[in-house]
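Shown next: target_18.txt, given as compact mmCIF, C-alpha atoms.
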# COMPACT_ATOMS: atom_id res chain seq x y z
CA MET W 1 31.92 8.49 -18.65
CA ALA W 2 30.90 10.51 -15.62
CA PRO W 3 30.16 14.23 -16.02
CA PRO W 4 32.58 16.81 -14.57
CA GLN W 5 32.22 17.08 -10.80
CA ARG W 6 30.86 20.63 -10.88
CA VAL W 7 28.17 19.58 -13.38
CA ALA W 8 27.21 16.61 -11.22
CA GLN W 9 27.05 18.86 -8.16
CA ALA W 10 24.87 21.37 -10.02
CA VAL W 11 22.47 18.64 -11.11
CA GLN W 12 22.31 17.30 -7.57
CA ALA W 13 21.50 20.82 -6.37
CA GLY W 14 18.63 20.95 -8.85
CA ILE W 15 17.32 17.59 -7.66
CA VAL W 16 17.52 18.64 -4.00
CA ALA W 17 15.83 22.00 -4.63
CA SER W 18 13.02 20.33 -6.56
CA ALA W 19 12.51 17.80 -3.76
CA HIS W 20 12.38 20.58 -1.16
CA LEU W 21 9.79 22.47 -3.18
CA ALA W 22 7.62 19.39 -3.67
CA ALA W 23 7.79 18.56 0.05
CA LEU W 24 6.88 22.13 0.98
CA GLN W 25 3.89 22.14 -1.35
CA HIS W 26 2.56 18.85 0.02
CA VAL W 27 3.11 19.81 3.65
CA SER W 28 1.46 23.20 3.10
CA ALA W 29 -1.59 21.51 1.61
CA ALA W 30 -1.72 19.01 4.48
CA ALA W 31 -1.40 21.81 7.05
CA GLU W 32 -4.30 23.71 5.51
CA ALA W 33 -6.43 20.55 5.45
CA CYS W 34 -5.67 19.78 9.10
CA GLN W 35 -6.47 23.36 10.09
CA ARG W 36 -9.85 23.00 8.45
CA LEU W 37 -10.45 19.65 10.13
CA GLY W 38 -9.47 21.19 13.45
CA ARG W 39 -12.11 23.88 13.05
CA LEU W 40 -14.76 21.33 12.08
CA THR W 41 -14.01 18.37 14.34
CA SER W 42 -11.62 17.52 17.17
CA GLY W 43 -8.53 19.06 18.70
CA ARG W 44 -6.26 16.27 17.46
CA TRP W 45 -6.31 17.88 14.02
CA ARG W 46 -5.46 21.29 15.45
CA ALA W 47 -2.40 19.71 17.08
CA ALA W 48 -1.47 18.02 13.80
CA ALA W 49 -1.87 21.36 12.02
CA ARG W 50 0.55 23.01 14.47
CA ASP W 51 3.13 20.26 13.91
CA LEU W 52 2.76 20.57 10.15
CA ALA W 53 3.05 24.35 10.35
CA SER W 54 6.36 23.94 12.17
CA LEU W 55 7.56 21.48 9.53
CA GLU W 56 6.41 23.90 6.85
CA ASP W 57 8.56 26.66 8.35
CA ASN W 58 11.58 24.34 8.46
CA LEU W 59 11.06 23.32 4.86
CA GLN W 60 10.70 26.95 3.77
CA THR W 61 14.03 27.78 5.40
CA ALA W 62 15.67 24.74 3.83
CA LEU W 63 14.20 25.58 0.43
CA THR W 64 15.63 29.10 0.60
CA GLY W 65 19.09 27.63 1.17
CA ALA W 66 18.62 25.06 -1.59
CA VAL W 67 17.55 27.75 -4.07
CA GLU W 68 20.59 29.86 -3.21
CA GLU W 69 22.88 26.90 -3.76
CA LEU W 70 21.17 26.09 -7.06
CA GLY W 71 21.66 29.69 -8.20
CA SER W 72 25.33 29.56 -7.26
CA HIS W 73 25.85 26.40 -9.32
CA ALA W 74 23.95 27.89 -12.26
CA ASP W 75 26.20 30.95 -12.20
CA ASP W 76 29.30 28.74 -12.00
CA LEU W 77 28.24 26.77 -15.09
CA GLY W 78 26.86 29.78 -16.95
CA VAL W 79 23.44 28.16 -17.42
CA PRO W 80 19.97 29.48 -16.54
CA GLU W 81 18.64 28.42 -13.15
CA GLU W 82 15.60 27.06 -14.98
CA ALA W 83 17.81 24.41 -16.58
CA LEU W 84 18.69 22.99 -13.16
CA TRP W 85 15.06 23.18 -12.02
CA THR W 86 14.10 21.23 -15.14
CA VAL W 87 16.63 18.52 -14.36
CA GLY W 88 15.45 18.33 -10.74
CA ASP W 89 11.81 18.04 -11.75
CA ALA W 90 12.71 15.36 -14.31
CA ALA W 91 14.40 13.31 -11.59
CA ALA W 92 11.28 13.60 -9.43
CA THR W 93 9.06 12.51 -12.31
CA PHE W 94 11.28 9.51 -12.98
CA ASP W 95 11.10 8.45 -9.32
CA LEU W 96 7.30 8.69 -9.41
CA LEU W 97 6.93 6.67 -12.61
CA ARG W 98 9.68 4.07 -12.26
CA GLU W 99 7.61 1.32 -10.60
CA ALA W 100 4.63 1.83 -12.90
CA ALA W 101 6.94 1.81 -15.93
CA LEU W 102 8.48 -1.49 -14.83
CA GLU W 103 4.99 -2.98 -14.66
CA GLU W 104 4.40 -1.93 -18.27
CA LEU W 105 7.32 -4.06 -19.51
CA GLU W 106 6.91 -7.57 -20.84
CA ASP W 107 8.97 -10.50 -19.55
CA ASP W 108 11.24 -10.37 -22.60
CA GLU W 109 12.18 -6.71 -22.01
CA GLU W 110 14.80 -7.32 -19.34
CA PRO W 111 17.31 -4.85 -20.84
CA ALA W 112 14.74 -2.04 -20.63
CA ALA W 113 14.05 -3.03 -17.02
CA LYS W 114 17.78 -2.79 -16.26
CA VAL W 115 17.78 0.73 -17.72
CA LEU W 116 14.92 1.74 -15.41
CA GLU W 117 16.52 0.09 -12.39
CA GLY W 118 20.07 1.29 -13.11
CA ASP W 119 21.93 4.46 -12.24
CA VAL W 120 22.62 5.91 -15.70
CA LEU W 121 19.11 7.11 -16.53
CA PHE W 122 17.89 9.38 -13.73
CA GLY W 123 15.20 11.68 -15.11
CA THR W 124 12.37 12.02 -17.58
CA SER W 125 9.89 14.66 -18.69
CA PHE W 126 7.20 14.88 -21.33
CA ILE W 127 6.40 17.55 -23.91
CA GLU W 128 3.04 17.38 -25.65
CA ASP W 129 2.58 18.75 -29.15
CA PRO W 130 0.37 21.87 -28.81
CA ASP W 131 -1.08 21.33 -32.29
CA LEU W 132 -1.46 17.55 -32.22
CA PRO W 133 -2.72 16.37 -28.82
CA ASP W 134 -2.05 12.71 -29.62
CA ARG W 135 1.68 13.32 -30.12
CA GLY W 136 4.55 14.32 -27.90
CA THR W 137 8.19 13.87 -26.99
CA THR W 138 9.72 12.08 -24.01
CA LEU W 139 12.97 13.55 -22.71
CA LEU W 140 15.46 11.17 -21.10
CA PHE W 141 18.14 12.53 -18.75
CA GLY W 142 21.29 10.49 -18.07
CA TRP W 143 24.44 11.08 -16.05
CA PRO W 144 26.93 11.05 -18.92
CA ASP W 145 25.52 14.43 -20.07
CA PRO W 146 22.80 15.38 -17.55
CA LEU W 147 22.01 18.80 -18.98
CA GLU W 148 21.44 17.51 -22.54
CA PRO W 149 18.60 14.97 -22.57
CA ALA W 150 17.87 12.53 -25.36
CA SER W 151 14.45 12.84 -27.00
CA TRP W 152 12.02 10.16 -28.14
CA PRO W 153 8.96 11.21 -30.21
CA TRP W 154 5.72 9.26 -29.78
CA GLN W 155 2.12 9.08 -30.86
CA ALA W 156 -0.70 7.72 -28.72
CA ASN W 157 -4.22 6.59 -29.54
CA TRP W 158 -6.98 5.34 -27.30
CA VAL W 159 -8.54 2.26 -28.86
CA VAL W 160 -12.13 1.46 -27.86
CA GLY W 161 -12.59 -2.23 -27.14
CA ASP W 162 -15.57 -4.46 -26.39
CA SER W 163 -17.98 -3.30 -23.74
CA ASP W 164 -17.44 -4.38 -20.16
CA SER W 165 -20.01 -7.04 -19.33
CA GLN W 166 -20.36 -5.79 -15.76
CA ASP W 167 -21.36 -2.20 -16.49
CA ASP W 168 -21.99 -2.40 -20.25
CA THR W 169 -19.50 0.39 -20.99
CA ASP W 170 -16.84 0.45 -23.67
CA SER W 171 -13.26 -0.04 -22.46
CA GLU W 172 -10.30 1.88 -23.80
CA GLU W 173 -6.76 0.67 -24.32
CA LEU W 174 -3.70 2.81 -24.91
CA ASP W 175 -1.97 2.24 -28.24
CA LEU W 176 1.47 3.89 -28.07
CA PHE W 177 4.18 3.81 -30.71
CA GLU W 178 7.27 5.78 -31.62
CA ASN W 179 6.91 8.57 -34.13
CA GLY W 180 10.57 8.98 -35.02
CA GLU W 181 14.09 8.12 -33.97
CA LEU W 182 15.85 8.77 -30.70
CA GLU W 183 17.88 11.97 -30.95
CA GLY W 184 20.68 13.47 -28.90
CA ASP W 185 21.33 10.11 -27.30
CA ASP W 186 24.99 9.42 -28.09
CA ALA W 187 26.35 10.09 -24.57
CA LEU W 188 23.43 8.31 -22.91
CA ILE W 189 23.75 5.28 -25.19
CA ALA W 190 27.48 5.06 -24.51
CA GLY W 191 26.84 5.16 -20.76
CA LEU W 192 24.12 2.54 -20.96
CA ALA W 193 26.18 0.23 -23.18
CA ASP W 194 28.98 0.34 -20.61
CA ASP W 195 26.56 -0.18 -17.72
CA LEU W 196 24.69 -3.04 -19.42
CA GLY W 197 27.79 -4.63 -20.95
CA SER W 198 26.08 -4.53 -24.35
CA SER W 199 26.54 -3.11 -27.81
CA SER W 200 25.39 0.39 -28.67
CA GLU W 201 22.50 -0.98 -30.72
CA GLU W 202 21.35 -3.17 -27.83
CA ALA W 203 21.60 -0.23 -25.44
CA ARG W 204 19.59 1.94 -27.84
CA ALA W 205 16.87 -0.69 -28.07
CA ALA W 206 16.78 -0.97 -24.27
CA LEU W 207 16.50 2.82 -23.93
CA ARG W 208 13.64 2.91 -26.44
CA GLY W 209 11.85 0.24 -24.41
CA ALA W 210 12.35 2.22 -21.23
CA ALA W 211 11.13 5.41 -22.93
CA MET W 212 7.96 3.69 -24.12
CA ALA W 213 7.30 2.20 -20.66
CA LEU W 214 7.78 5.59 -18.96
CA THR W 215 5.52 7.29 -21.50
CA ARG W 216 2.79 4.69 -21.10
CA ALA W 217 2.99 5.01 -17.32
CA SER W 218 2.70 8.79 -17.57
CA LEU W 219 -0.26 8.74 -19.96
CA LEU W 220 -2.10 6.10 -17.94
CA ALA W 221 -1.46 8.01 -14.70
CA GLY W 222 -2.92 11.14 -16.31
CA THR W 223 -6.03 9.22 -17.30
CA GLU W 224 -6.46 7.84 -13.77
CA GLY W 225 -6.15 11.38 -12.42
CA ASP W 226 -8.91 12.58 -14.76
CA GLU W 227 -11.15 9.70 -13.65
CA ASP W 228 -10.55 10.53 -9.98
CA GLU W 229 -11.54 14.16 -10.61
CA GLU W 230 -14.73 13.03 -12.36
CA ASP W 231 -15.57 10.74 -9.42
CA ASP W 232 -14.99 13.62 -6.98
CA ASP W 233 -17.28 15.87 -9.01
CA GLU W 234 -19.99 13.21 -8.97
CA ASP W 235 -19.60 12.72 -5.21
CA ASN W 236 -19.91 16.48 -4.71
CA GLY W 237 -23.00 16.63 -6.89
CA THR W 238 -21.37 18.54 -9.74
CA ALA W 239 -21.14 17.62 -13.41
How does this structure look as structure tokens?
Amino acid sequence: MAPPQRVAQAVQAGIVASAHLAALQHVSAAAEACQRLGRLTSGRWRAAARDLASLEDNLQTALTGAVEELGSHADDLGVPEEALWTVGDAAATFDLLREAALEELEDDEEPAAKVLEGDVLFGTSFIEDPDLPDRGTTLLFGWPDPLEPASWPWQANWVVGDSDSQDDTDSEELDLFENGELEGDDALIAGLADDLGSSSEEARAALRGAAMALTRASLLAGTEGDEDEEDDDEDNGTA
């Protein structure tokens, strides 16, 4: 079942506003970097910086309009603007992780792959337990009820394996498992069952598989980011 049109439009406004903000942040960073390169090297980077500055201005204007539209939709629905920002950010996170999550699936997990590739599930976000760093909850946003995500609790451990023969260092593997049942998933399961042509139980199993794949992709991406920062520190001569 599709959500009411005004809800769908509000969610779309949140997705668009989040995309505008992300684009502005990236372009602003690129403009600053090109300005610095232009001061240090050749004029080609000064020209690139001017082009990026113009794009930055256009994005800022567009973002202002997108934020106003988001606020209008929030007022119409009687929900906080933050709720629509959350949905928009979740959609962006899902887009970033989708391919990596598909790579985490085994060959026999085709239903979970269909969930990730389909149109019912559109967003995800992750909440870590502040008291237990190895535990968290994955939120799953679907079109049947886009403002009420399902939640999947998990626990993760890094298992140290045999040392790598090339550099004689221990390798770590991510051990991830669910720490409870899916909750708040009735509308999402119904939408997935209809989309997949399956039973509710089969749709629930497929959603759990997709949730685990997305969570693994997120945790592994975070680890790669930490390793990149450590490499940068070493290259810059810092510890």
Task: W:Glu104 surroundings by all atoms listed in the file, 9 Å radius, close-in-sequence under 2 positions cut, as a PyMOL selection string - done: chain W and resi 99-102+106+212-214+216-217
Task: All residues 12 Å or closer to stretch 191-199 of chain W, all atoms listed in the file, same chain fewer than 3 positions away omitted, as a PyMOL selection string - done: chain W and resi 1-3+110-122+141-146+185-188+202-208+210
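Atom CA of W:Asp75 is positioned 24.2 Å from atom CA of W:Leu140.
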- [ ] May I have the residues at most 12 Å from (8.3, 4.7, -37.6) in the file's coordinates, counting only C-alpha atoms, as a list in words?
- [x]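 Selection result: Trp152, Pro153, Trp154, Gln155, Leu176, Phe177, Glu178, Asn179, Gly180, Glu181 and Leu182 of chain W.
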- [ ] For W:Ala29, list every protein, DNA or RNA residue within 12 Å, evaluated using all atoms listed in the file, and leave out those in the same chain fewer than 4 positions away; present the list as number ranges by chain.
- [x] W: 22-25, 33-36, 49, 52-53, 56
Open item on the list: Considering all atoms listed in the file, can you say which of W:Gln12, W:Thr138, W:Thr223, W:Thr124 comes closest to W:Leu174?
Closed with: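 Smallest distance to W:Leu174 is found for W:Thr223.
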Open item on the list: With distances taken over all atoms listed in the file, which residue among W:His20, W:Arg44, W:Arg6, W:Arg135 lies nearest W:Ala66?
Closed with: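 Looking at the shortest contact to W:Ala66, the residue is W:His20.
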TODO: Check the smallest atom-to-atom distance from each of W:Val87, W:Ala156, W:Val11, W:Ala74 to W:Leu132 using only C-alpha atoms, then report the winner.
DONE: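 For W:Leu132, the nearest of the candidates is W:Ala156.
Of note, atom CA of W:Ala62 and atom CA of W:Leu84 are spaced 17.3 Å apart.
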Where atoms are missing, can you supply N, CA and C atoms for stretch 186-219 of chain W and output the lot as a compact mmCIF listing (two decimals), in the coordinates of the input?
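Heads up, here's the output in out.txt:
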# COMPACT_ATOMS: atom_id res chain seq x y z
N ASP W 186 23.68 10.07 -27.96
CA ASP W 186 24.99 9.42 -28.09
C ASP W 186 25.65 9.19 -26.73
N ALA W 187 25.71 10.23 -25.88
CA ALA W 187 26.35 10.09 -24.57
C ALA W 187 25.58 9.12 -23.69
N LEU W 188 24.26 9.19 -23.73
CA LEU W 188 23.43 8.31 -22.91
C LEU W 188 23.58 6.86 -23.36
N ILE W 189 23.59 6.64 -24.67
CA ILE W 189 23.75 5.28 -25.19
C ILE W 189 25.10 4.71 -24.80
N ALA W 190 26.14 5.53 -24.88
CA ALA W 190 27.48 5.06 -24.51
C ALA W 190 27.51 4.67 -23.03
N GLY W 191 26.88 5.48 -22.19
CA GLY W 191 26.84 5.16 -20.76
C GLY W 191 26.06 3.90 -20.47
N LEU W 192 24.94 3.73 -21.16
CA LEU W 192 24.12 2.54 -20.96
C LEU W 192 24.82 1.29 -21.47
N ALA W 193 25.48 1.40 -22.63
CA ALA W 193 26.18 0.23 -23.18
C ALA W 193 27.26 -0.24 -22.21
N ASP W 194 27.96 0.70 -21.59
CA ASP W 194 28.98 0.34 -20.61
C ASP W 194 28.35 -0.27 -19.37
N ASP W 195 27.23 0.31 -18.93
CA ASP W 195 26.56 -0.18 -17.72
C ASP W 195 25.95 -1.56 -17.94
N LEU W 196 25.36 -1.78 -19.12
CA LEU W 196 24.69 -3.04 -19.42
C LEU W 196 25.64 -4.11 -19.95
N GLY W 197 26.86 -3.69 -20.33
CA GLY W 197 27.79 -4.63 -20.95
C GLY W 197 27.28 -5.10 -22.29
N SER W 198 26.71 -4.18 -23.08
CA SER W 198 26.08 -4.53 -24.35
C SER W 198 26.63 -3.67 -25.46
N SER W 199 26.18 -3.94 -26.67
CA SER W 199 26.54 -3.11 -27.81
C SER W 199 25.72 -1.82 -27.78
N SER W 200 26.13 -0.87 -28.59
CA SER W 200 25.39 0.39 -28.67
C SER W 200 23.98 0.17 -29.19
N GLU W 201 23.82 -0.72 -30.17
CA GLU W 201 22.50 -0.98 -30.72
C GLU W 201 21.59 -1.63 -29.67
N GLU W 202 22.14 -2.53 -28.88
CA GLU W 202 21.35 -3.17 -27.83
C GLU W 202 20.97 -2.15 -26.75
N ALA W 203 21.90 -1.26 -26.43
CA ALA W 203 21.60 -0.23 -25.44
C ALA W 203 20.54 0.73 -25.95
N ARG W 204 20.60 1.05 -27.25
CA ARG W 204 19.59 1.94 -27.84
C ARG W 204 18.21 1.29 -27.80
N ALA W 205 18.14 0.01 -28.11
CA ALA W 205 16.87 -0.69 -28.07
C ALA W 205 16.32 -0.73 -26.65
N ALA W 206 17.20 -0.94 -25.67
CA ALA W 206 16.78 -0.97 -24.27
C ALA W 206 16.26 0.40 -23.83
N LEU W 207 16.93 1.47 -24.28
CA LEU W 207 16.50 2.82 -23.93
C LEU W 207 15.15 3.14 -24.56
N ARG W 208 14.94 2.70 -25.80
CA ARG W 208 13.64 2.91 -26.44
C ARG W 208 12.54 2.19 -25.67
N GLY W 209 12.83 0.97 -25.21
CA GLY W 209 11.85 0.24 -24.41
C GLY W 209 11.53 0.94 -23.11
N ALA W 210 12.57 1.49 -22.47
CA ALA W 210 12.35 2.22 -21.23
C ALA W 210 11.56 3.50 -21.48
N ALA W 211 11.86 4.18 -22.59
CA ALA W 211 11.13 5.41 -22.93
C ALA W 211 9.65 5.12 -23.17
N MET W 212 9.35 4.03 -23.87
CA MET W 212 7.96 3.69 -24.12
C MET W 212 7.24 3.34 -22.81
N ALA W 213 7.91 2.58 -21.93
CA ALA W 213 7.30 2.20 -20.66
C ALA W 213 7.03 3.43 -19.79
N LEU W 214 7.97 4.37 -19.74
CA LEU W 214 7.78 5.59 -18.96
C LEU W 214 6.64 6.43 -19.53
N THR W 215 6.57 6.49 -20.86
CA THR W 215 5.52 7.29 -21.50
C THR W 215 4.15 6.68 -21.26
N ARG W 216 4.06 5.37 -21.38
CA ARG W 216 2.79 4.69 -21.10
C ARG W 216 2.36 4.93 -19.65
N ALA W 217 3.31 4.80 -18.73
CA ALA W 217 2.99 5.01 -17.32
C ALA W 217 2.50 6.43 -17.08
N SER W 218 3.12 7.40 -17.74
CA SER W 218 2.70 8.79 -17.57
C SER W 218 1.31 9.03 -18.13
N LEU W 219 1.04 8.53 -19.33
CA LEU W 219 -0.26 8.74 -19.96
C LEU W 219 -1.37 8.05 -19.18
